[in-house]
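> Sharing a structure, written as structure tokens. Questions coming.
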Amino acid sequence: MIGSIIGTGVFALPSALAPYGPIALVAFGVVTLGALALALTFGSLAGRTTASGGPYVYAREAFGEFAGFLNAWSYWITAWAGNAAIVVAWVGYVEVFVNTGHKTWISVLLALTGLWIPAAINLTGVRNIGAFQVVTTVLKFVPLVFMATVGLFFVDPHNFGSFNASGQSALGAISAAGAIALFSYLGLEAASVVAGRVREPGRNVPRATVYGTLVCAVIYILGTLAVFGTVSHAGLGSSTAPFTDAANNIFGGTWAGDVVAVAAIVSGIGALNGWTMLCAEMPYAAARDGLFPTAFARLRGKNGVPVFGIVASTVLASLITVFSYTRFDDVFTKIVLLSVLTAVIPYLFSAAAQLYWLLVHGRESLSPKRLARDTTVAALALAFSYWSIQGSGYQTVYYGLFVVLLGVPVYVWLKRDQSLAAAGTDTTRRAPETT
């Protein structure tokens, strides 16, 4: 699961947070507490429901088919839009070595290559996915742990700049920076999404979710602090590879930064690999239940690969990547905010599903102390989800809500097909009249 959370998001995050100044570290702390509340909530939910699908399954069981569909649809958007954000950050580190002039058309080609290599790996089957994730996770930890430990000894307070450089109020800056910072935790629910493929999911999924989030939190906060303190505020805001710049400032020359860039490139491919699998796994679970187009439920080959889900998601990620490179200056931040918004919707429904279960079944299943604790955690996760939506900004909420609601006609079409099938394709039946 850590391989899906830690990608190039953490390697690009300091530059995205730089416009807010060190107050972004406060936002990171608040987001970490919210992420831990979500992780504990997902752990509890996964302990009761061990089928694949994660947020989709929890929403469907608690609130019905339409809620389940909206969660699957929103999470699917998160997965492929998140891949677009990851690959944009990944390109920033690839361009430490090539296309140092950042020509747009070369950046686009590099991004498309970064998207389709993990797709090809996923198409070969689950065993290859697992082996690849292990290798990339191990490799990416070395520079991250180094920056989160040794890098702290090279922090210069003069590099931090103004505490709140955003020009907003402190609360506004924390909310806005927090929405960006949450992107680094997307994937904390990954183990629950693929629970059906995990050995002893009732025990292992909650552990992987909570402990994985804790490990990532320590690395994120300390690593970001080290980068803020070793790269000047002005330099950080314009950097496309902030961890590389930090390593170069610590050691001098370029060799250390090159090593970090290689690690970021490997990390990004590993994260893209894991998220490409999630792009197919969530719609597969929904399609199997008749709540997503049936093409997503078709498996190919002896390893049972959801080919359509992988290919369709990668095509969409490719399209939004090309569009963003040709339309936006701050490509990474724009895509990050969209993917965070569409991720928070399933998070919110999952927290609500946990609260629903606790209110209905909690007294008969849990001790008073455990009930009070779980209710508090779920309520915090729910409140944090609302706060994250608010911090995404009006424009992001507008576009995000629009793409989420595009799923409504899809749901109508699916229900139509089911109704026709149940009626023996009798299209002459009329809807009941209202009075």
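Letters A, B, ... go to the chains of the structure tokens in the order shown; residues in each chain start at 1; ligands are counted from 1 in the same order.
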Just the helix (DSSP H, G or I) stuff from stretch 215-355 of chain A, please, per backbone DSSP, written as an NGL selection string.
:A and (215-230 or 233-237 or 242-251 or 255-288 or 294-297 or 307-327 or 331-355)
> Dump as CSV the rows for residues of stretch 234-351 of chain A within 9 Å of stretch 377-389 of chain A: closest atom pair and distance in Å with one decimal, only C-alpha atoms counted, ordered by chain and rising residue number.

residue,atom,partner,partner_atom,distance
A:Val340,CA,A:Ser388,CA,8.2
A:Leu341,CA,A:Ile389,CA,6.0
A:Val344,CA,A:Ser385,CA,5.8
A:Ile345,CA,A:Ser385,CA,7.6
A:Tyr347,CA,A:Ser385,CA,6.6
A:Leu348,CA,A:Ser385,CA,5.4
A:Phe349,CA,A:Leu382,CA,8.1
A:Ser350,CA,A:Leu382,CA,8.4
A:Ala351,CA,A:Leu382,CA,5.3
> Would you save the residues from that selection as a PDB file, in the first residue's frame, using N, CA and C atoms?

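Printed below is selection-v6.pdb as written:
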ATOM      1  N   VAL A 340      -7.958  15.409  -5.890  1.00  0.00           N
ATOM      2  CA  VAL A 340      -8.250  15.433  -4.451  1.00  0.00           C
ATOM      3  C   VAL A 340      -9.752  15.568  -4.227  1.00  0.00           C
ATOM      4  N   LEU A 341     -10.389  16.469  -4.960  1.00  0.00           N
ATOM      5  CA  LEU A 341     -11.829  16.661  -4.777  1.00  0.00           C
ATOM      6  C   LEU A 341     -12.607  15.385  -5.070  1.00  0.00           C
ATOM      7  N   VAL A 344     -12.099  12.912  -2.253  1.00  0.00           N
ATOM      8  CA  VAL A 344     -12.715  13.237  -0.968  1.00  0.00           C
ATOM      9  C   VAL A 344     -14.177  12.809  -0.923  1.00  0.00           C
ATOM     10  N   ILE A 345     -14.844  12.800  -2.074  1.00  0.00           N
ATOM     11  CA  ILE A 345     -16.248  12.372  -2.088  1.00  0.00           C
ATOM     12  C   ILE A 345     -16.393  10.923  -1.611  1.00  0.00           C
ATOM     13  N   TYR A 347     -14.255   9.375   0.268  1.00  0.00           N
ATOM     14  CA  TYR A 347     -13.818   9.420   1.670  1.00  0.00           C
ATOM     15  C   TYR A 347     -14.984   9.850   2.563  1.00  0.00           C
ATOM     16  N   LEU A 348     -15.701  10.875   2.119  1.00  0.00           N
ATOM     17  CA  LEU A 348     -16.829  11.382   2.897  1.00  0.00           C
ATOM     18  C   LEU A 348     -17.909  10.311   3.048  1.00  0.00           C
ATOM     19  N   PHE A 349     -18.240   9.640   1.964  1.00  0.00           N
ATOM     20  CA  PHE A 349     -19.257   8.584   2.025  1.00  0.00           C
ATOM     21  C   PHE A 349     -18.801   7.424   2.901  1.00  0.00           C
ATOM     22  N   SER A 350     -17.506   7.113   2.874  1.00  0.00           N
ATOM     23  CA  SER A 350     -16.996   6.018   3.703  1.00  0.00           C
ATOM     24  C   SER A 350     -17.099   6.362   5.185  1.00  0.00           C
ATOM     25  N   ALA A 351     -16.754   7.605   5.533  1.00  0.00           N
ATOM     26  CA  ALA A 351     -16.892   8.035   6.923  1.00  0.00           C
ATOM     27  C   ALA A 351     -18.358   8.026   7.342  1.00  0.00           C
TER      28      ALA A 351
END
> Between A:Gly237, A:Gly34, A:Gly125, A:Pro55, which one has atoms that come closest to A:Phe69, using only C-alpha atoms?
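Between A:Gly237, A:Gly34, A:Gly125, A:Pro55, the residue approaching A:Phe69 most closely is A:Pro55.
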> Here is a test: counting only C-alpha atoms, which residue of A:Pro293, A:Gly43, A:Pro19, A:Gly229 is nearest to A:Gln418?
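Going through A:Pro293, A:Gly43, A:Pro19, A:Gly229 one by one, the smallest distance to A:Gln418 is for A:Pro293.
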> I'd like a table as a Markdown table: residues in stretch 318-370 of chain A with an atom no more than 8 Å from stretch 92-111 of chain A, each row giving the shortest atom pair and its distance in Å to one decimal, only C-alpha atoms counted, sorted by chain and rising residue number.

| residue | atom | partner | partner_atom | distance |
| --- | --- | --- | --- | --- |
| A:Ser318 | CA | A:Ala111 | CA | 8.0 |
| A:Thr321 | CA | A:Val108 | CA | 7.5 |
| A:Val322 | CA | A:Val108 | CA | 6.2 |
| A:Tyr325 | CA | A:Thr104 | CA | 6.9 |
| A:Thr326 | CA | A:Thr104 | CA | 7.6 |
> Suppose we keep C-alpha atoms; can you now write the selection as a PDB file, in the first residue's frame?

ATOM      1  CA  SER A 318      -3.318  10.676 -21.381  1.00  0.00           C
ATOM      2  CA  THR A 321      -2.349  15.280 -19.387  1.00  0.00           C
ATOM      3  CA  VAL A 322      -2.087  16.593 -22.950  1.00  0.00           C
ATOM      4  CA  TYR A 325       0.176  20.821 -20.677  1.00  0.00           C
ATOM      5  CA  THR A 326      -1.323  22.901 -23.480  1.00  0.00           C
TER       6      THR A 326
END
> So which residues touch A:Ala312 within 10 Å, counting only C-alpha atoms, skipping near sequence neighbours fewer than 3 positions away, as number ranges by chain?
A: 80, 279-280, 296, 307-309, 315-318
